[in-house]
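Below is the file structure08.tsv, which contains TSV, C-alpha atoms.
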chain	number	residue	atom	x	y	z
A	1	MET	CA	19.78	16.50	16.38
A	2	GLY	CA	23.14	14.92	15.61
A	3	SER	CA	26.28	16.81	16.47
A	4	LYS	CA	27.66	18.84	13.56
A	5	MET	CA	31.14	18.60	15.03
A	6	MET	CA	32.98	15.32	14.93
A	7	PRO	CA	33.34	13.61	18.34
A	8	ARG	CA	36.28	14.73	20.43
A	9	ALA	CA	36.91	17.77	18.30
A	10	THR	CA	40.33	19.01	19.30
A	11	ILE	CA	42.99	21.46	18.25
A	12	PHE	CA	46.55	20.35	18.75
A	13	LEU	CA	48.91	23.28	19.13
A	14	TYR	CA	52.46	22.20	19.82
A	15	LEU	CA	53.45	25.72	20.75
A	16	LEU	CA	54.53	26.63	24.24
A	17	SER	CA	53.40	30.20	23.78
A	18	LEU	CA	49.83	29.23	22.98
A	19	VAL	CA	49.76	26.70	25.78
A	20	ALA	CA	50.84	29.39	28.22
A	21	ALA	CA	48.24	31.81	26.90
A	22	SER	CA	45.47	29.24	27.28
A	23	ARG	CA	46.50	28.40	30.82
A	24	ALA	CA	46.54	32.09	31.65
A	25	LYS	CA	42.91	32.27	30.55
A	26	GLY	CA	41.99	29.28	32.70
A	27	ILE	CA	41.40	26.88	29.80
A	28	PRO	CA	42.20	23.31	30.93
A	29	MET	CA	45.00	21.73	28.92
A	30	GLY	CA	45.58	18.14	27.92
A	31	GLY	CA	48.95	16.58	27.31
A	32	GLN	CA	51.37	18.06	24.78
A	33	GLY	CA	49.44	21.34	24.56
A	34	GLU	CA	46.09	19.91	23.51
A	35	ILE	CA	43.20	22.37	23.59
A	36	ASP	CA	39.73	20.83	23.71
A	37	VAL	CA	37.10	22.89	21.88
A	38	LYS	CA	34.54	21.76	24.44
A	39	GLN	CA	36.09	24.52	26.54
A	40	PHE	CA	34.87	26.95	23.86
A	41	GLY	CA	31.26	25.82	24.15
A	42	ALA	CA	31.14	22.66	22.04
A	43	LYS	CA	29.66	19.59	23.73
A	44	ALA	CA	30.81	17.04	21.12
A	45	ASP	CA	28.42	14.49	22.64
A	46	GLY	CA	26.96	13.21	19.36
A	47	ARG	CA	23.56	14.82	20.12
A	48	SER	CA	24.06	18.56	20.55
A	49	ASP	CA	24.27	21.08	17.72
A	50	ASP	CA	27.84	22.33	18.07
A	51	SER	CA	27.87	24.25	14.80
A	52	GLN	CA	27.58	27.59	16.62
A	53	ALA	CA	30.55	26.94	18.90
A	54	GLY	CA	33.24	27.45	16.31
A	55	VAL	CA	36.85	28.15	17.12
A	56	ASN	CA	38.53	31.52	16.58
A	57	VAL	CA	42.33	31.47	16.82
A	58	ARG	CA	44.27	34.70	16.35
A	59	VAL	CA	48.02	34.65	15.96
A	60	GLU	CA	49.52	38.13	16.02
A	61	GLY	CA	53.17	37.42	16.73
A	62	ALA	CA	55.92	35.13	15.50
A	63	ILE	CA	55.82	31.56	16.77
A	64	LYS	CA	58.92	29.42	16.25
A	65	ALA	CA	59.24	25.66	16.19
A	66	PRO	CA	62.28	23.94	17.68
A	67	SER	CA	64.98	23.80	15.04
A	68	ASP	CA	66.01	20.34	16.28
A	69	ILE	CA	63.52	17.84	14.82
A	70	ASN	CA	64.20	15.46	17.71
A	71	LYS	CA	62.48	17.93	20.03
A	72	LEU	CA	59.19	17.62	18.19
A	73	LYS	CA	56.69	14.90	18.90
A	74	SER	CA	57.11	11.96	16.53
A	75	GLN	CA	54.27	12.70	14.14
A	76	GLY	CA	53.59	14.28	10.78
A	77	ALA	CA	53.05	17.90	11.74
A	78	TRP	CA	54.08	20.62	14.16
A	79	VAL	CA	50.71	22.41	14.44
A	80	VAL	CA	47.55	20.38	13.86
A	81	PHE	CA	43.94	21.54	13.70
A	82	GLN	CA	41.83	18.39	13.74
A	83	ASN	CA	38.09	17.60	13.72
A	84	VAL	CA	36.99	21.23	13.89
A	85	ASP	CA	33.85	22.73	12.36
A	86	GLY	CA	33.87	26.51	11.98
A	87	LEU	CA	37.53	27.31	12.53
A	88	THR	CA	38.81	30.83	11.93
A	89	LEU	CA	42.58	31.23	11.96
A	90	SER	CA	43.78	34.80	11.42
A	91	GLY	CA	45.67	37.67	13.00
A	92	GLY	CA	48.60	38.37	10.69
A	93	GLY	CA	51.05	36.26	12.68
A	94	SER	CA	53.61	33.73	11.50
A	95	PHE	CA	54.57	30.11	12.11
A	96	ASP	CA	58.32	29.66	11.64
A	97	GLY	CA	59.32	26.03	11.23
A	98	GLN	CA	63.05	26.85	11.45
A	99	GLY	CA	63.72	24.14	8.90
A	100	ALA	CA	67.32	24.84	7.84
A	101	LEU	CA	68.80	21.98	9.85
A	102	ALA	CA	66.04	19.60	8.76
A	103	TRP	CA	66.59	20.31	5.07
A	104	LYS	CA	70.19	19.14	5.44
A	105	GLU	CA	68.95	15.84	6.91
A	106	ASN	CA	66.32	15.30	4.22
A	107	ASP	CA	67.25	12.06	2.45
A	108	CYS	CA	64.15	11.84	0.28
A	109	ALA	CA	66.16	11.60	-2.94
A	110	GLN	CA	68.11	8.60	-1.63
A	111	THR	CA	65.34	6.70	0.16
A	112	GLY	CA	62.18	7.79	-1.66
A	113	LYS	CA	60.60	8.37	1.78
A	114	CYS	CA	59.64	12.00	1.84
A	115	ASN	CA	57.30	12.26	4.84
A	116	SER	CA	59.69	11.80	7.75
A	117	LEU	CA	59.75	15.51	8.66
A	118	PRO	CA	56.92	17.58	10.17
A	119	THR	CA	54.62	19.87	8.22
A	120	ASN	CA	54.23	23.38	9.65
A	121	LEU	CA	50.42	23.58	9.67
A	122	GLN	CA	48.12	20.62	9.12
A	123	PHE	CA	44.32	20.79	8.88
A	124	THR	CA	42.67	17.38	9.20
A	125	SER	CA	38.91	16.85	8.99
A	126	VAL	CA	38.31	20.58	9.26
A	127	THR	CA	35.03	21.90	7.81
A	128	ASN	CA	33.40	25.24	7.05
A	129	SER	CA	36.52	27.15	8.00
A	130	HIS	CA	38.57	30.20	7.05
A	131	ILE	CA	42.33	30.74	7.26
A	132	GLN	CA	43.38	34.31	6.50
A	133	ASP	CA	46.44	36.57	6.79
A	134	ILE	CA	48.70	33.87	8.22
A	135	THR	CA	52.36	33.35	7.28
A	136	SER	CA	54.31	30.09	7.19
A	137	LEU	CA	58.10	30.37	7.19
A	138	ASN	CA	60.86	27.83	6.65
A	139	SER	CA	58.82	24.70	7.17
A	140	LYS	CA	60.74	21.47	7.63
A	141	LEU	CA	58.45	19.79	5.08
A	142	PHE	CA	55.12	21.02	3.65
A	143	HIS	CA	54.01	24.45	4.85
A	144	MET	CA	50.23	23.95	4.93
A	145	GLU	CA	48.42	20.66	4.39
A	146	LEU	CA	44.67	20.04	4.13
A	147	LEU	CA	43.52	16.42	4.52
A	148	ASN	CA	39.91	15.21	4.55
A	149	CYS	CA	38.64	18.78	4.73
A	150	LYS	CA	35.44	20.29	3.37
A	151	ASN	CA	34.53	23.89	2.58
A	152	VAL	CA	37.75	25.57	3.65
A	153	THR	CA	39.08	28.90	2.37
A	154	LEU	CA	42.68	30.05	2.57
A	155	GLN	CA	42.85	33.77	1.85
A	156	HIS	CA	45.89	36.05	1.68
A	157	VAL	CA	48.27	33.54	3.22
A	158	THR	CA	52.01	34.06	2.79
A	159	ILE	CA	54.54	31.25	2.46
A	160	ASN	CA	58.27	31.83	2.41
A	161	ALA	CA	61.25	29.47	2.31
A	162	PRO	CA	64.47	29.38	0.27
A	163	GLU	CA	64.52	27.93	-3.21
A	164	ASP	CA	66.79	25.09	-2.03
A	165	SER	CA	64.50	23.96	0.81
A	166	LEU	CA	63.64	20.36	-0.13
A	167	ASN	CA	60.04	19.10	-0.28
A	168	THR	CA	58.55	22.29	1.14
A	169	ASP	CA	55.29	22.35	-0.82
A	170	GLY	CA	53.47	25.58	-0.08
A	171	ILE	CA	49.86	24.38	0.16
A	172	HIS	CA	49.06	20.69	-0.28
A	173	VAL	CA	45.47	19.47	-0.59
A	174	GLY	CA	44.47	15.82	-0.37
A	175	ARG	CA	41.11	14.05	-0.20
A	176	SER	CA	39.30	17.34	0.37
A	177	THR	CA	36.26	18.98	-1.22
A	178	GLY	CA	35.35	22.62	-1.66
A	179	VAL	CA	38.75	24.19	-1.02
A	180	ASN	CA	39.35	27.80	-2.08
A	181	ILE	CA	42.86	29.24	-2.21
A	182	THR	CA	42.91	32.90	-3.10
A	183	GLY	CA	45.42	35.74	-2.96
A	184	ALA	CA	48.31	33.61	-1.69
A	185	ASP	CA	51.94	34.76	-2.07
A	186	ILE	CA	54.15	31.66	-2.17
A	187	ARG	CA	57.93	31.38	-2.37
A	188	THR	CA	59.34	27.97	-1.55
A	189	GLY	CA	61.51	25.02	-2.62
A	190	ASP	CA	58.84	22.74	-4.11
A	191	ASP	CA	55.34	23.02	-5.58
A	192	CYS	CA	53.67	26.27	-4.62
A	193	VAL	CA	50.32	24.48	-4.64
A	194	SER	CA	49.96	20.70	-5.00
A	195	LEU	CA	46.64	18.88	-5.29
A	196	GLY	CA	46.84	15.21	-4.39
A	197	ASP	CA	44.38	12.39	-4.88
A	198	GLY	CA	40.81	13.03	-3.80
A	199	SER	CA	41.02	16.77	-4.41
A	200	GLN	CA	37.56	17.76	-5.66
A	201	GLN	CA	35.99	21.12	-6.43
A	202	VAL	CA	39.16	23.06	-5.68
A	203	ASN	CA	39.58	26.68	-6.77
A	204	VAL	CA	43.02	28.34	-6.89
A	205	GLU	CA	42.92	32.02	-7.79
A	206	SER	CA	45.22	35.07	-7.76
A	207	VAL	CA	48.22	33.15	-6.46
A	208	THR	CA	51.78	34.37	-7.04
A	209	CYS	CA	54.40	31.63	-7.18
A	210	GLY	CA	58.15	31.83	-7.35
A	211	PRO	CA	60.59	30.58	-6.48
A	212	GLY	CA	58.98	27.17	-6.39
A	213	HIS	CA	58.10	24.29	-8.72
A	214	GLY	CA	54.84	25.72	-10.01
A	215	ILE	CA	51.22	24.68	-9.43
A	216	SER	CA	50.70	20.94	-9.70
A	217	ILE	CA	48.02	18.30	-9.90
A	218	GLY	CA	49.69	15.30	-8.32
A	219	SER	CA	51.75	13.46	-8.26
A	220	LEU	CA	49.08	10.79	-8.79
A	221	GLY	CA	49.24	7.04	-9.15
A	222	LYS	CA	51.97	6.19	-6.69
A	223	TYR	CA	49.66	4.29	-4.34
A	224	HIS	CA	46.73	1.89	-4.63
A	225	ASP	CA	43.18	3.06	-3.85
A	226	GLU	CA	43.80	6.70	-4.70
A	227	GLN	CA	40.64	8.75	-5.04
A	228	PRO	CA	39.73	10.69	-8.23
A	229	VAL	CA	40.74	14.30	-8.79
A	230	VAL	CA	37.65	16.09	-10.12
A	231	GLY	CA	36.76	19.72	-10.63
A	232	VAL	CA	39.89	21.87	-10.36
A	233	THR	CA	40.04	25.50	-11.49
A	234	VAL	CA	43.24	27.55	-11.47
A	235	ARG	CA	42.91	31.11	-12.73
A	236	ASN	CA	44.59	34.50	-12.69
A	237	CYS	CA	47.88	33.24	-11.27
A	238	THR	CA	51.44	34.48	-11.89
A	239	LEU	CA	54.51	32.25	-11.84
A	240	THR	CA	58.05	33.64	-11.91
A	241	ASN	CA	61.40	31.85	-12.37
A	242	THR	CA	59.96	28.38	-11.76
A	243	PRO	CA	60.94	25.13	-13.54
A	244	ASN	CA	57.26	24.38	-14.22
A	245	GLY	CA	54.16	26.49	-14.67
A	246	ILE	CA	50.97	24.44	-14.55
A	247	ARG	CA	51.76	20.74	-14.25
A	248	VAL	CA	49.77	17.49	-14.14
A	249	LYS	CA	52.01	14.60	-13.07
A	250	THR	CA	51.37	10.88	-12.70
A	251	TRP	CA	53.70	7.99	-12.00
A	252	PRO	CA	54.45	5.24	-14.55
A	253	ALA	CA	53.39	1.66	-13.75
A	254	SER	CA	50.59	3.10	-11.65
A	255	PRO	CA	47.29	1.60	-10.51
A	256	SER	CA	44.19	2.87	-12.27
A	257	GLY	CA	43.12	6.40	-11.41
A	258	VAL	CA	41.19	9.42	-12.67
A	259	ALA	CA	41.94	13.12	-13.07
A	260	THR	CA	39.21	15.02	-14.87
A	261	ASN	CA	37.46	18.37	-15.26
A	262	MET	CA	40.57	20.49	-14.71
A	263	HIS	CA	40.74	24.01	-16.10
A	264	PHE	CA	43.63	26.48	-16.09
A	265	GLU	CA	43.09	29.99	-17.41
A	266	ASP	CA	44.48	33.52	-17.36
A	267	ILE	CA	47.96	32.41	-16.34
A	268	THR	CA	51.01	34.71	-16.57
A	269	VAL	CA	54.49	33.19	-16.63
A	270	LYS	CA	57.80	35.01	-16.34
A	271	ASN	CA	60.93	33.04	-17.27
A	272	VAL	CA	59.28	29.69	-16.51
A	273	SER	CA	61.06	26.65	-17.96
A	274	THR	CA	57.96	24.63	-18.97
A	275	PRO	CA	54.83	26.76	-18.63
A	276	ILE	CA	52.41	23.95	-19.61
A	277	LEU	CA	53.19	20.34	-18.70
A	278	ILE	CA	51.38	17.02	-18.57
A	279	ASP	CA	53.90	14.41	-17.45
A	280	GLN	CA	52.58	10.86	-17.15
A	281	ASN	CA	56.04	9.42	-16.76
A	282	TYR	CA	56.87	11.31	-13.57
A	283	CYS	CA	59.77	9.62	-11.79
A	284	PRO	CA	61.83	12.18	-9.84
A	285	TYR	CA	64.30	9.75	-8.27
A	286	ASN	CA	64.68	7.26	-11.15
A	287	ASN	CA	63.42	4.32	-9.11
A	288	CYS	CA	60.33	3.53	-11.19
A	289	GLU	CA	59.23	0.93	-13.71
A	290	GLN	CA	59.32	3.48	-16.51
A	291	LYS	CA	58.69	0.86	-19.19
A	292	LEU	CA	55.13	0.40	-17.91
A	293	PRO	CA	52.62	3.18	-18.64
A	294	SER	CA	50.63	5.15	-16.14
A	295	LYS	CA	47.03	4.03	-15.74
A	296	VAL	CA	45.76	7.38	-14.47
A	297	LYS	CA	43.16	8.57	-16.97
A	298	ILE	CA	43.41	12.31	-17.70
A	299	SER	CA	40.43	13.92	-19.44
A	300	ASN	CA	38.52	17.18	-19.88
A	301	VAL	CA	41.50	19.47	-19.38
A	302	SER	CA	41.81	23.02	-20.69
A	303	PHE	CA	44.64	25.54	-20.79
A	304	ARG	CA	43.35	28.98	-21.79
A	305	ASN	CA	44.96	32.39	-22.12
A	306	PHE	CA	48.53	31.69	-21.08
A	307	GLN	CA	50.94	34.54	-21.68
A	308	GLY	CA	54.51	35.43	-20.88
A	309	THR	CA	58.00	34.04	-21.36
A	310	SER	CA	59.42	30.55	-21.34
A	311	ALA	CA	62.95	29.98	-20.05
A	312	THR	CA	63.40	27.11	-22.53
A	313	ALA	CA	62.41	26.63	-26.13
A	314	LEU	CA	60.17	23.69	-25.15
A	315	ALA	CA	57.32	25.70	-23.69
A	316	VAL	CA	54.51	23.13	-23.91
A	317	LYS	CA	54.88	19.41	-23.09
A	318	LEU	CA	51.88	17.11	-23.21
A	319	LEU	CA	53.34	13.67	-22.52
A	320	CYS	CA	50.33	11.46	-21.90
A	321	SER	CA	50.17	7.75	-21.14
A	322	ARG	CA	50.32	5.29	-23.99
A	323	GLY	CA	48.17	2.97	-21.88
A	324	VAL	CA	45.34	5.48	-21.35
A	325	PRO	CA	45.89	8.45	-23.68
A	326	CYS	CA	44.62	11.86	-22.59
A	327	GLN	CA	41.19	12.83	-23.91
A	328	GLN	CA	39.34	16.14	-24.33
A	329	VAL	CA	42.41	18.33	-23.95
A	330	GLU	CA	42.00	21.93	-25.15
A	331	LEU	CA	44.54	24.73	-25.56
A	332	ALA	CA	43.36	28.24	-26.42
A	333	ASP	CA	45.24	31.52	-26.82
A	334	ILE	CA	48.66	30.27	-25.79
A	335	ASN	CA	50.96	33.26	-26.16
A	336	LEU	CA	54.37	32.16	-24.92
A	337	LYS	CA	57.65	33.59	-26.13
A	338	TYR	CA	61.18	32.25	-25.90
A	339	ASP	CA	64.01	34.68	-26.59
A	340	GLY	CA	66.96	32.38	-26.05
A	341	GLU	CA	69.60	31.06	-28.43
A	342	ASN	CA	67.74	27.85	-29.35
A	343	GLY	CA	65.16	29.28	-31.69
A	344	THR	CA	61.54	30.04	-30.92
A	345	ALA	CA	59.06	28.41	-28.55
A	346	THR	CA	57.99	24.86	-29.47
A	347	SER	CA	55.93	22.00	-28.09
A	348	GLN	CA	56.23	18.24	-27.58
A	349	CYS	CA	53.24	15.93	-27.44
A	350	ALA	CA	52.60	12.20	-27.11
A	351	ASN	CA	49.41	10.15	-26.84
A	352	VAL	CA	47.12	13.14	-27.07
A	353	LYS	CA	45.15	14.92	-29.81
A	354	PRO	CA	44.33	18.31	-28.32
A	355	THR	CA	41.87	20.83	-29.64
A	356	ILE	CA	43.64	24.10	-30.48
A	357	THR	CA	41.61	27.32	-30.62
A	358	GLY	CA	42.24	31.05	-30.52
A	359	LYS	CA	45.58	32.64	-31.37
A	360	SER	CA	48.83	31.02	-30.30
A	361	THR	CA	52.41	32.17	-30.80
A	362	LEU	CA	53.83	28.65	-31.19
A	363	PRO	CA	52.89	25.46	-33.01
A	364	ILE	CA	51.22	23.04	-30.61
A	365	CYS	CA	51.39	19.30	-31.17
A	366	ALA	CA	52.13	19.70	-34.88
A	367	GLY	CA	53.03	16.25	-36.18
A	368	SER	CA	53.02	14.82	-32.66
A	369	GLN	CA	52.81	11.17	-31.71
A	370	SER	CA	49.31	10.08	-30.79

Is it possible to express this structure as structure tokens?
Amino acid sequence: MGSKMMPRATIFLYLLSLVAASRAKGIPMGGQGEIDVKQFGAKADGRSDDSQAGVNVRVEGAIKAPSDINKLKSQGAWVVFQNVDGLTLSGGGSFDGQGALAWKENDCAQTGKCNSLPTNLQFTSVTNSHIQDITSLNSKLFHMELLNCKNVTLQHVTINAPEDSLNTDGIHVGRSTGVNITGADIRTGDDCVSLGDGSQQVNVESVTCGPGHGISIGSLGKYHDEQPVVGVTVRNCTLTNTPNGIRVKTWPASPSGVATNMHFEDITVKNVSTPILIDQNYCPYNNCEQKLPSKVKISNVSFRNFQGTSATALAVKLLCSRGVPCQQVELADINLKYDGENGTATSQCANVKPTITGKSTLPICAGSQS
């Protein structure tokens, strides 16, 4: 029977405290604090059934990264769980990235290169796993990142960083299938949850967000050979004092791509600047070919039962691509109020003809460009 764990399944923990604990228990260590799950019973020989080995990591205290980024290994993350089947990470402890100095050195806005700092927790090729009751603090870049994962649940995780911490996405998912994020409390300086290309069958539920930039699909279309985003559900989430609520964002002048079967429902917003946003001309640093349209095709999207307050009069923006207009967009029961000095809540739409159902408190796409 073929091994159910990828060859050389390893957990990389760049944490002196965990290294010391493992040595104390007599677990052999590789370089840079590498723990081999073969020491936990997995053979990883390509023949044995390692699915019962699993890995259970409990973190009950506060673990702090070096504040000086030069003291970290030159790679994309501080703590990496890689090639693990059946991981359980729990215990109520925290990973503190001590990112204040790194945020000052972040030159993403000037260079457009936004991945030069380490993520707090990265899960790569992790399957059938559960992360629960873990806190990420003050990450230098993303807090938690899932790449090439399958069937992973994040439950009751807490993420906390200041509003002005640059590029500190709370939970980022890319090229992963069957991810469930539930009961997360996220306060950070960028997207609370961001779903990149290849995110498929992802469920986000009962998440509180704010401060932060909202819950986002994308950005998509920046690179060639991006994989489709298919099957996203976001429900029963609350966003407070964020510049965006639910956002789908794609770059102009992009290669062809697909984002489809995305559904957002039972969303509460409190003083959110743009509660509903599709932006297919996303260009945060003004270094894009904005005259050329995005080629990411957005279809089968629904926004249902949104309620709360918008911080601006423009509460709904559906700005789709003129090259590949959005299709099968539905809005139902959109109850958003604006109590500012610029009138009542309104919408702006381009290259989309949405279906409007239920009761809404504002006109949606009335007389819009299509």

Counting all atoms listed in the file, what is within 8 Å of A:His156, bar same-chain residues fewer than 6 positions away, as a list in words? Gln132, Asp133, Ile134, Thr182, Gly183, Ala184 and Asp185 of chain A

Between atom CA of A:Ser310 and atom CA of A:Tyr282, what is the distance, to one decimal in Å? 20.9 Å

Determine, counting all atoms listed in the file, which protein, DNA and RNA residues have an atom within 9 Å of an atom of A:Gly358; residues of the same chain fewer than 5 positions away are not included. Present the result as a ChimeraX atom specification. /A:305,331-334

If we count all atoms listed in the file and set the cut-off at 8 Å, which residues sit around A:Gly210, ignoring sequence neighbours fewer than 3 positions away in its own chain? Please answer as JSON, numbers by chain. {"A": [186, 187, 188, 192, 213, 214, 239, 240, 241, 242]}

Could you pull the residues within 7 Å of A:Tyr338, counting all atoms listed in the file, minus those fewer than 5 positions along the same chain, as a list in words?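 The contact residues come out as Thr309, Ser310, Ala311, Thr312, Ala313, Thr344 and Ala345 of chain A.
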
Let me have the centre and edge lengths of the axis-aligned box enclosing all listed atoms of stretch 220-227 of chain A with 6 Å padding on every side, in Å to one decimal, as JSON.
{"center_x": 46.3, "center_y": 6.3, "center_z": -6.5, "size_x": 23.3, "size_y": 20.9, "size_z": 17.3}

With distances taken over all atoms listed in the file, which of A:Asn148, A:Ser206, A:Ser67, A:Thr158 is nearest to A:Thr177?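 Checking each of A:Asn148, A:Ser206, A:Ser67, A:Thr158 against A:Thr177, counting all atoms listed in the file, the winner is A:Asn148.
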